[in-house]
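Listing of coords-v5.cif, mmCIF, C-alpha atoms
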```
data_model
loop_
_atom_site.label_atom_id
_atom_site.label_comp_id
_atom_site.auth_asym_id
_atom_site.auth_seq_id
_atom_site.Cartn_x
_atom_site.Cartn_y
_atom_site.Cartn_z
CA MET A 83 78.93 5.53 -82.49
CA ALA A 84 76.00 7.88 -82.72
CA ARG A 85 74.95 6.25 -85.97
CA THR A 86 75.01 2.82 -84.34
CA GLU A 87 72.77 4.08 -81.53
CA LYS A 88 70.31 5.48 -84.10
CA VAL A 89 70.25 2.13 -85.89
CA ASP A 90 69.65 0.29 -82.62
CA THR A 91 66.84 2.68 -81.74
CA GLY A 92 65.27 2.20 -85.17
CA GLU A 93 65.50 -1.57 -84.81
CA LYS A 94 63.81 -1.43 -81.41
CA ARG A 95 61.01 0.69 -82.84
CA GLY A 96 60.62 -1.75 -85.70
CA MET A 97 60.42 -4.66 -83.27
CA ARG A 98 57.74 -2.88 -81.25
CA ARG A 99 55.73 -2.26 -84.43
CA ARG A 100 56.05 -5.92 -85.43
CA LEU A 101 54.97 -7.02 -81.97
CA ARG A 102 51.92 -4.78 -82.17
CA LYS A 103 51.08 -6.20 -85.58
CA GLN A 104 51.50 -9.76 -84.32
CA ARG A 105 48.67 -9.35 -81.83
CA ASP A 106 46.02 -11.99 -82.09
CA PRO A 107 43.24 -10.63 -84.37
CA GLU A 108 40.65 -12.23 -82.09
CA GLY A 109 41.97 -10.31 -79.08
CA ARG A 110 43.45 -13.33 -77.25
CA MET A 111 46.25 -12.38 -74.86
CA SER A 112 48.28 -14.11 -72.20
CA LEU A 113 47.73 -13.38 -68.51
CA GLY A 114 50.80 -11.13 -68.43
CA ASP A 115 49.56 -9.17 -71.46
CA HIS A 116 46.16 -8.76 -69.81
CA LEU A 117 47.76 -7.42 -66.62
CA ARG A 118 49.97 -4.99 -68.56
CA GLU A 119 46.97 -3.86 -70.59
CA LEU A 120 44.96 -3.36 -67.38
CA ARG A 121 47.79 -1.37 -65.80
CA ARG A 122 48.09 0.88 -68.86
CA ARG A 123 44.36 1.60 -68.96
CA VAL A 124 44.18 2.21 -65.20
CA ILE A 125 47.03 4.71 -65.44
CA ILE A 126 45.37 6.56 -68.34
CA SER A 127 42.05 6.68 -66.47
CA GLY A 128 43.75 7.80 -63.25
CA VAL A 129 45.58 10.65 -64.95
CA ALA A 130 42.36 11.83 -66.63
CA ILE A 131 40.49 11.74 -63.30
CA LEU A 132 43.27 13.73 -61.59
CA VAL A 133 43.11 16.38 -64.31
CA GLY A 134 39.35 16.64 -63.80
CA ALA A 135 39.88 16.70 -60.02
CA GLY A 136 42.07 19.78 -60.45
CA ILE A 137 39.07 21.57 -61.96
CA GLY A 138 36.94 20.33 -59.04
CA TRP A 139 39.40 21.69 -56.49
CA TRP A 140 39.48 25.01 -58.34
CA GLN A 141 35.67 25.28 -58.18
CA TYR A 142 35.38 23.69 -54.71
CA ASP A 143 33.45 26.53 -53.03
CA ASN A 144 30.80 26.65 -55.76
CA LEU A 145 30.43 22.85 -55.80
CA PHE A 146 30.18 22.66 -52.01
CA ASN A 147 27.40 25.27 -51.95
CA ARG A 148 25.49 23.39 -54.67
CA LEU A 149 25.76 20.09 -52.77
CA ILE A 150 24.49 21.50 -49.46
CA ALA A 151 21.68 23.44 -51.19
CA PRO A 152 19.00 20.78 -50.32
CA ILE A 153 19.56 21.39 -46.59
CA LYS A 154 19.48 25.16 -46.98
CA ASP A 155 16.32 25.04 -49.10
CA LEU A 156 14.61 22.74 -46.60
CA ALA A 157 15.50 25.08 -43.73
CA ARG A 158 14.08 28.00 -45.69
CA GLU A 159 10.81 26.14 -46.31
CA ARG A 160 10.35 25.09 -42.68
CA LYS A 161 11.63 28.44 -41.36
CA GLN A 162 13.99 26.72 -38.96
CA GLU A 163 17.56 25.42 -39.00
CA ILE A 164 16.66 21.78 -39.58
CA ALA A 165 20.28 20.67 -39.96
CA THR A 166 23.77 22.11 -39.66
CA LEU A 167 27.04 20.76 -41.02
CA ASN A 168 30.11 20.53 -38.85
CA PHE A 169 33.66 19.25 -39.26
CA PRO A 170 34.51 16.82 -36.45
CA ASP A 171 38.31 17.18 -36.71
CA LEU A 172 41.06 19.32 -38.18
CA THR A 173 41.50 17.15 -41.28
CA GLY A 174 37.78 16.89 -42.07
CA SER A 175 37.64 19.94 -44.34
CA PHE A 176 40.76 18.86 -46.26
CA THR A 177 39.39 15.32 -46.71
CA LEU A 178 36.16 16.80 -48.01
CA LEU A 179 38.09 18.93 -50.51
CA ILE A 180 39.85 15.81 -51.84
CA THR A 181 36.57 13.84 -52.03
CA VAL A 182 34.63 16.52 -53.91
CA GLY A 183 37.53 17.09 -56.30
CA LEU A 184 37.90 13.38 -57.15
CA PHE A 185 34.15 13.04 -57.63
CA THR A 186 34.20 15.97 -60.05
CA GLY A 187 37.16 14.42 -61.84
CA LEU A 188 35.27 11.13 -62.14
CA ILE A 189 32.40 12.88 -63.95
CA LEU A 190 34.55 15.10 -66.16
CA ALA A 191 36.84 12.22 -67.15
CA SER A 192 33.95 9.83 -67.88
CA PRO A 193 34.66 9.76 -71.66
CA VAL A 194 38.20 8.57 -70.96
CA TRP A 195 37.61 5.88 -68.33
CA LEU A 196 34.48 4.57 -70.07
CA TYR A 197 36.49 4.09 -73.27
CA GLN A 198 39.29 2.39 -71.32
CA ILE A 199 36.83 -0.02 -69.68
CA TRP A 200 35.30 -0.87 -73.04
CA GLY A 201 38.71 -1.29 -74.66
CA PHE A 202 39.79 -3.70 -71.93
CA ILE A 203 36.59 -5.77 -72.14
CA VAL A 204 36.73 -6.06 -75.94
CA PRO A 205 40.38 -6.05 -77.10
CA GLY A 206 41.56 -6.57 -80.68
CA LEU A 207 38.80 -4.51 -82.26
CA SER A 208 38.20 -4.58 -86.01
CA ARG A 209 37.42 -1.40 -87.94
CA ARG A 210 33.68 -2.08 -87.70
CA GLU A 211 33.93 -2.76 -83.95
CA LYS A 212 35.92 0.45 -83.45
CA ARG A 213 32.99 2.34 -84.95
CA THR A 214 30.76 0.47 -82.51
CA SER A 215 33.08 1.62 -79.69
CA LEU A 216 32.67 5.25 -80.75
CA LEU A 217 28.89 4.79 -80.68
CA PHE A 218 29.29 3.17 -77.25
CA ILE A 219 31.16 6.18 -75.87
CA GLY A 220 28.85 8.62 -77.66
CA SER A 221 25.84 7.15 -75.84
CA ALA A 222 27.49 6.16 -72.54
CA VAL A 223 28.77 9.62 -71.62
CA PRO A 224 25.42 11.47 -72.03
CA LEU A 225 23.61 8.69 -70.16
CA PHE A 226 26.12 8.76 -67.30
CA ILE A 227 25.95 12.55 -66.99
CA GLY A 228 22.16 12.43 -67.40
CA GLY A 229 21.91 9.87 -64.59
CA CYS A 230 24.06 12.02 -62.31
CA THR A 231 21.86 15.01 -63.14
CA LEU A 232 18.71 13.06 -62.30
CA GLY A 233 20.29 12.00 -59.00
CA PHE A 234 21.01 15.64 -58.18
CA ILE A 235 17.39 16.54 -58.99
CA VAL A 236 16.01 13.73 -56.80
CA LEU A 237 18.43 14.51 -53.96
CA PRO A 238 16.25 17.20 -52.26
CA ARG A 239 13.36 14.71 -52.02
CA ALA A 240 15.65 12.12 -50.43
CA ALA A 241 17.05 14.68 -47.96
CA ALA A 242 13.55 15.85 -47.04
CA ALA A 243 12.41 12.24 -46.46
CA LEU A 244 15.35 11.48 -44.17
CA LEU A 245 15.02 14.72 -42.19
CA SER A 246 11.24 14.42 -41.86
CA PHE A 247 11.72 12.22 -38.76
CA THR A 248 13.34 15.08 -36.84
CA PRO A 249 10.95 16.23 -34.06
CA ALA A 250 9.60 19.78 -34.16
CA GLY A 251 12.00 22.25 -32.60
CA ALA A 252 14.96 19.87 -32.85
CA SER A 253 17.90 20.10 -35.23
CA ASN A 254 20.36 17.66 -36.81
CA ILE A 255 24.10 18.14 -36.42
CA LEU A 256 25.51 16.41 -39.48
CA PRO A 257 29.21 15.59 -39.88
CA ALA A 258 30.08 17.21 -43.22
CA PRO A 259 32.13 14.24 -44.53
CA ASP A 260 29.26 11.83 -43.83
CA TYR A 261 26.71 14.07 -45.50
CA LEU A 262 28.85 14.68 -48.60
CA ASN A 263 29.71 10.98 -48.90
CA PHE A 264 25.98 10.18 -48.88
CA VAL A 265 25.24 12.87 -51.48
CA LEU A 266 28.08 11.84 -53.80
CA ARG A 267 27.25 8.15 -53.56
CA PHE A 268 23.60 8.94 -54.23
CA ILE A 269 24.41 10.93 -57.39
CA LEU A 270 27.00 8.40 -58.58
CA ALA A 271 24.49 5.55 -58.18
CA PHE A 272 22.14 7.21 -60.65
CA GLY A 273 24.98 7.82 -63.11
CA LEU A 274 26.24 4.21 -62.99
CA ALA A 275 22.69 2.83 -63.19
CA PHE A 276 22.12 4.63 -66.49
CA LEU A 277 25.16 2.86 -67.97
CA LEU A 278 23.42 -0.53 -67.74
CA PRO A 279 21.81 -0.49 -71.22
CA VAL A 280 24.96 0.79 -72.90
CA PHE A 281 27.06 -2.08 -71.59
CA LEU A 282 24.35 -4.61 -72.48
CA VAL A 283 24.12 -3.34 -76.07
CA GLY A 284 27.90 -3.07 -76.30
CA LEU A 285 28.41 -6.66 -75.18
CA ASN A 286 25.73 -7.76 -77.62
CA ALA A 287 27.41 -5.87 -80.49
CA ALA A 288 30.68 -7.60 -79.61
CA GLY A 289 28.98 -11.00 -79.85
CA ILE A 290 29.32 -11.76 -76.12
CA LEU A 291 25.69 -11.43 -74.96
CA PRO A 292 22.91 -12.51 -77.39
CA ALA A 293 19.48 -10.88 -77.13
CA ARG A 294 17.73 -14.20 -76.41
CA ILE A 295 19.75 -14.55 -73.19
CA LEU A 296 18.69 -11.04 -72.13
CA VAL A 297 15.02 -11.90 -72.69
CA LYS A 298 15.27 -15.12 -70.66
CA ALA A 299 16.91 -13.22 -67.80
CA TRP A 300 14.32 -10.42 -67.53
CA ARG A 301 12.90 -11.60 -64.19
CA PRO A 302 16.22 -11.75 -62.29
CA ALA A 303 17.27 -8.54 -64.07
CA VAL A 304 14.21 -6.64 -62.79
CA PHE A 305 14.74 -8.07 -59.29
CA LEU A 306 18.40 -7.04 -59.28
CA ILE A 307 17.48 -3.56 -60.53
CA PHE A 308 15.06 -3.05 -57.62
CA LEU A 309 17.64 -4.48 -55.21
CA PHE A 310 20.31 -2.12 -56.55
CA ALA A 311 17.91 0.84 -56.30
CA ALA A 312 16.97 -0.06 -52.72
CA VAL A 313 20.60 -0.35 -51.62
CA MET A 314 21.82 2.80 -53.38
CA THR A 315 18.90 5.00 -52.23
CA PRO A 316 18.73 4.38 -48.47
CA THR A 317 15.59 6.41 -47.80
CA PRO A 318 12.41 5.22 -46.04
CA ASP A 319 10.08 6.25 -48.88
CA ALA A 320 9.53 4.07 -51.94
CA TRP A 321 9.39 7.02 -54.32
CA THR A 322 13.13 7.64 -54.28
CA MET A 323 13.78 3.98 -55.07
CA LEU A 324 11.25 4.11 -57.92
CA PHE A 325 12.90 7.23 -59.34
CA LEU A 326 15.99 5.07 -59.91
CA ALA A 327 14.43 1.65 -60.62
CA VAL A 328 11.82 2.67 -63.22
CA PRO A 329 14.26 4.42 -65.62
CA MET A 330 16.64 1.46 -65.26
CA ILE A 331 13.90 -1.02 -66.22
CA ILE A 332 12.90 1.11 -69.22
CA LEU A 333 16.52 1.34 -70.33
CA PHE A 334 16.95 -2.42 -69.84
CA TYR A 335 14.05 -3.22 -72.19
CA LEU A 336 15.32 -0.61 -74.64
CA ALA A 337 18.68 -2.40 -74.62
CA VAL A 338 16.91 -5.73 -75.26
CA GLY A 339 15.08 -4.25 -78.27
CA ILE A 340 18.27 -2.79 -79.75
CA SER A 341 20.07 -6.11 -79.16
CA PHE A 342 17.38 -7.95 -81.13
CA LEU A 343 17.82 -5.54 -84.04
CA LEU A 344 21.59 -6.04 -83.96
CA ASP A 345 21.22 -9.84 -83.82
CA ARG A 346 18.88 -9.74 -86.81
CA ARG A 347 21.38 -7.73 -88.82
CA LYS A 348 24.15 -10.17 -87.86
CA ALA A 349 22.00 -13.10 -88.96
CA LYS A 350 21.40 -11.50 -92.37
CA ARG A 351 25.11 -10.88 -92.85
CA ASP A 352 25.89 -14.50 -91.91
CA VAL A 353 23.43 -15.80 -94.50
CA THR A 354 24.85 -13.68 -97.31
CA ALA A 355 28.42 -14.55 -96.27
CA GLU A 356 27.91 -18.09 -97.56
CA TRP A 357 27.61 -16.97 -101.20
CA ARG A 358 29.31 -13.56 -101.14
CA ASP A 359 32.69 -14.96 -102.26
CA LEU A 360 31.35 -17.41 -104.85
CA ALA A 361 32.22 -17.05 -108.53
CA ASP A 362 29.57 -15.69 -110.90
CA ASP A 363 29.13 -19.07 -112.63
CA GLU A 364 29.00 -21.10 -109.40
CA ALA A 365 25.70 -22.12 -107.79
CA SER A 366 25.04 -20.81 -104.31
CA PRO A 367 23.65 -22.96 -101.43
CA LEU A 368 20.35 -21.12 -101.88
#
```

Can you present the structure in this file as structure tokens?
Amino acid sequence: MARTEKVDTGEKRGMRRRLRKQRDPEGRMSLGDHLRELRRRVIISGVAILVGAGIGWWQYDNLFNRLIAPIKDLARERKQEIATLNFPDLTGSFTLLITVGLFTGLILASPVWLYQIWGFIVPGLSRREKRTSLLFIGSAVPLFIGGCTLGFIVLPRAAAALLSFTPAGASNILPAPDYLNFVLRFILAFGLAFLLPVFLVGLNAAGILPARILVKAWRPAVFLIFLFAAVMTPTPDAWTMLFLAVPMIILFYLAVGISFLLDRRKAKRDVTAEWRDLADDEASPL
């Protein structure tokens, strides 16, 4: 009986292997397969974010002090308590703990969820495309973390601009959840913005987005970049918006240049593919 169960288990494993091998080499899947693939990747990303969130909850006090540092520094410069944080209800501090932890997990788990997003967009990867995916992750993670770092550096300027409208002698009473949500969204906007060129180059390498289309769309792309920067940096001064928009435009044109180089290499390979498999004594189309 036990031997029969082992045989059945082995047969099931063999069937699963055959099913995996029978996947369409071009990455075509049915709607049900797409949904199962999406569920699997969401679960993997969610688990990775929760593991990172555990580290964020462990270091919550240090992270909280770093995030409220712009207000403290501004108060020290003006020699007055320009703003104070308060918790409007009993659950406010706990909600803030959860928010800061998940945000930390999102940053720490960025290699995992970025790879899962890329794997879902471009399924059925060949060996060459898998190497491209590793390059994608190798450049996406530093850019995402670099964007978040730039957002943290620009944050004091944004806080000073928003608090500059407070009359002399007055003070702001800021709900802590609202302030932290603004800060985290501000930092996350910079991180996501810096992923733009990586996704453009990645889609180009996968043959989905040619460079000539990127060039034709430069005007709406620049407009959308400024619109995104204006929405994600809700400050009255233009400098904060430019701190986000200018690097995005530079990265966009850098992505266009890299896409042209990749398209040129693809064109050369396509030309040589016509005669690569010909016999030595057979004339080529050239």

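The gap separating atom CA of Leu274 of chain A from atom CA of Ile295 of chain A is 22.3 Å, in Å to one decimal.
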
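In terms of minimum interatomic distance to Met323 of chain A, A:Ala311 ranks closest within A:Ala311, A:Ala151, A:Leu178, A:Ile255, counting all atoms listed in the file.
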
Please, what distance in Å, to one decimal, runs between atom CA of Ile153 of chain A and atom CA of Phe264 of chain A?
13.1 Å

Please evaluate the PyMOL selection byres ((chain A and resi 283) around 8) against the structure above and give the resulting residues as JSON, numbers by chain.
{"A": [279, 280, 281, 282, 284, 285, 286, 287, 337, 338, 340, 341]}

Could you write out as a PyMOL selection string the residues that the PyMOL selection byres ((chain A and resi 127) around 12) matches in the shown file?
chain A and resi 120-126+128-134+187-199+201-202

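What separates atom CA of Ile307 of chain A from atom CA of Ile290 of chain A is a distance of 21.2 Å.
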
Give me the residues within 12 Å of segment 238-246 of chain A as an mmCIF file with C-alpha atoms, in the coordinates of the input, counting only C-alpha atoms and dropping any in the same chain fewer than 4 places off.
```
data_model
loop_
_atom_site.group_PDB
_atom_site.id
_atom_site.type_symbol
_atom_site.label_atom_id
_atom_site.label_comp_id
_atom_site.auth_asym_id
_atom_site.auth_seq_id
_atom_site.Cartn_x
_atom_site.Cartn_y
_atom_site.Cartn_z
ATOM 1 C CA ARG A 148 25.490 23.390 -54.670
ATOM 2 C CA LEU A 149 25.760 20.090 -52.770
ATOM 3 C CA ILE A 150 24.490 21.500 -49.460
ATOM 4 C CA ALA A 151 21.680 23.440 -51.190
ATOM 5 C CA PRO A 152 19.000 20.780 -50.320
ATOM 6 C CA ILE A 153 19.560 21.390 -46.590
ATOM 7 C CA LYS A 154 19.480 25.160 -46.980
ATOM 8 C CA ASP A 155 16.320 25.040 -49.100
ATOM 9 C CA LEU A 156 14.610 22.740 -46.600
ATOM 10 C CA ALA A 157 15.500 25.080 -43.730
ATOM 11 C CA GLU A 159 10.810 26.140 -46.310
ATOM 12 C CA ARG A 160 10.350 25.090 -42.680
ATOM 13 C CA GLU A 163 17.560 25.420 -39.000
ATOM 14 C CA ILE A 164 16.660 21.780 -39.580
ATOM 15 C CA ALA A 165 20.280 20.670 -39.960
ATOM 16 C CA THR A 166 23.770 22.110 -39.660
ATOM 17 C CA LEU A 232 18.710 13.060 -62.300
ATOM 18 C CA GLY A 233 20.290 12.000 -59.000
ATOM 19 C CA PHE A 234 21.010 15.640 -58.180
ATOM 20 C CA ALA A 250 9.600 19.780 -34.160
ATOM 21 C CA ALA A 252 14.960 19.870 -32.850
ATOM 22 C CA SER A 253 17.900 20.100 -35.230
ATOM 23 C CA ASN A 254 20.360 17.660 -36.810
ATOM 24 C CA ILE A 255 24.100 18.140 -36.420
ATOM 25 C CA LEU A 256 25.510 16.410 -39.480
ATOM 26 C CA TYR A 261 26.710 14.070 -45.500
ATOM 27 C CA LEU A 262 28.850 14.680 -48.600
ATOM 28 C CA PHE A 264 25.980 10.180 -48.880
ATOM 29 C CA VAL A 265 25.240 12.870 -51.480
ATOM 30 C CA PHE A 268 23.600 8.940 -54.230
ATOM 31 C CA ILE A 269 24.410 10.930 -57.390
ATOM 32 C CA MET A 314 21.820 2.800 -53.380
ATOM 33 C CA THR A 315 18.900 5.000 -52.230
ATOM 34 C CA PRO A 316 18.730 4.380 -48.470
ATOM 35 C CA THR A 317 15.590 6.410 -47.800
ATOM 36 C CA PRO A 318 12.410 5.220 -46.040
ATOM 37 C CA ASP A 319 10.080 6.250 -48.880
ATOM 38 C CA ALA A 320 9.530 4.070 -51.940
ATOM 39 C CA TRP A 321 9.390 7.020 -54.320
ATOM 40 C CA THR A 322 13.130 7.640 -54.280
ATOM 41 C CA MET A 323 13.780 3.980 -55.070
ATOM 42 C CA LEU A 324 11.250 4.110 -57.920
ATOM 43 C CA PHE A 325 12.900 7.230 -59.340
ATOM 44 C CA LEU A 326 15.990 5.070 -59.910
#
```

Spell out the residues picked by the PyMOL selection byres ((chain A and resi 183) around 7) here, as a CSV table (one decimal) with C-alpha atoms, in the coordinates of the input.
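The file below, expr.csv, is the result:
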```
chain,number,residue,atom,x,y,z
A,135,ALA,CA,39.9,16.7,-60.0
A,136,GLY,CA,42.1,19.8,-60.4
A,138,GLY,CA,36.9,20.3,-59.0
A,139,TRP,CA,39.4,21.7,-56.5
A,179,LEU,CA,38.1,18.9,-50.5
A,180,ILE,CA,39.8,15.8,-51.8
A,181,THR,CA,36.6,13.8,-52.0
A,182,VAL,CA,34.6,16.5,-53.9
A,184,LEU,CA,37.9,13.4,-57.2
A,185,PHE,CA,34.2,13.0,-57.6
A,186,THR,CA,34.2,16.0,-60.0
A,187,GLY,CA,37.2,14.4,-61.8
```

Under the rule that all atoms listed in the file are counted, which of A:Ala258, A:Leu291, A:Ile137, A:Leu278 is the nearest residue to Met330 of chain A?
A:Leu278

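Nearest-residue note for Leu343 of chain A: choosing from A:Pro170, A:Gly273, A:Gly229, A:Pro292, the minimum distance belongs to A:Pro292, counting all atoms listed in the file.
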
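The smallest atom-to-atom distance between Leu266 of chain A and any of A:Leu237, A:Leu306, A:Leu296, A:Asp345, using all atoms listed in the file, is found for A:Leu237.
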
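The environment of Val223 of chain A within 9 Å, counting all atoms listed in the file and disregarding residues fewer than 2 places along the same chain, consists of A:Ser192, A:Pro193, A:Leu196, A:Phe218, A:Ile219, A:Gly220, A:Ser221, A:Leu225, A:Phe226, A:Ile227, A:Gly228, A:Leu277.
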
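The nearest approach to Asp171 of chain A among the residues A:Gly289, A:Pro259, A:Leu217, A:Phe334, with all atoms listed in the file taken into account, belongs to A:Pro259.
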
Could you give me segment 190-201 of chain A completed to N, CA and C atoms, formatted as a short mmCIF file (atom, residue, chain, number, x, y, z; two decimals), keeping the file's coordinate frame?
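Below you can see part_3.cif, which holds the result:
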```
data_model
loop_
_atom_site.label_atom_id
_atom_site.label_comp_id
_atom_site.auth_asym_id
_atom_site.auth_seq_id
_atom_site.Cartn_x
_atom_site.Cartn_y
_atom_site.Cartn_z
N LEU A 190 33.96 14.42 -65.01
CA LEU A 190 34.55 15.10 -66.16
C LEU A 190 35.37 14.15 -67.03
N ALA A 191 36.01 13.16 -66.39
CA ALA A 191 36.84 12.22 -67.15
C ALA A 191 36.07 10.99 -67.61
N SER A 192 34.75 11.01 -67.52
CA SER A 192 33.95 9.83 -67.88
C SER A 192 34.18 9.38 -69.33
N PRO A 193 34.38 10.28 -70.31
CA PRO A 193 34.66 9.76 -71.66
C PRO A 193 35.92 8.91 -71.72
N VAL A 194 36.92 9.29 -70.92
CA VAL A 194 38.20 8.57 -70.96
C VAL A 194 38.09 7.21 -70.29
N TRP A 195 37.60 7.18 -69.02
CA TRP A 195 37.61 5.88 -68.33
C TRP A 195 36.54 4.93 -68.87
N LEU A 196 35.45 5.46 -69.43
CA LEU A 196 34.48 4.57 -70.07
C LEU A 196 35.09 3.90 -71.31
N TYR A 197 35.84 4.67 -72.09
CA TYR A 197 36.49 4.09 -73.27
C TYR A 197 37.54 3.06 -72.86
N GLN A 198 38.27 3.33 -71.78
CA GLN A 198 39.29 2.39 -71.32
C GLN A 198 38.65 1.09 -70.82
N ILE A 199 37.52 1.19 -70.13
CA ILE A 199 36.83 -0.02 -69.68
C ILE A 199 36.38 -0.84 -70.87
N TRP A 200 35.79 -0.16 -71.86
CA TRP A 200 35.30 -0.87 -73.04
C TRP A 200 36.46 -1.50 -73.82
N GLY A 201 37.56 -0.77 -73.95
CA GLY A 201 38.71 -1.29 -74.66
C GLY A 201 39.33 -2.49 -73.98
#
```
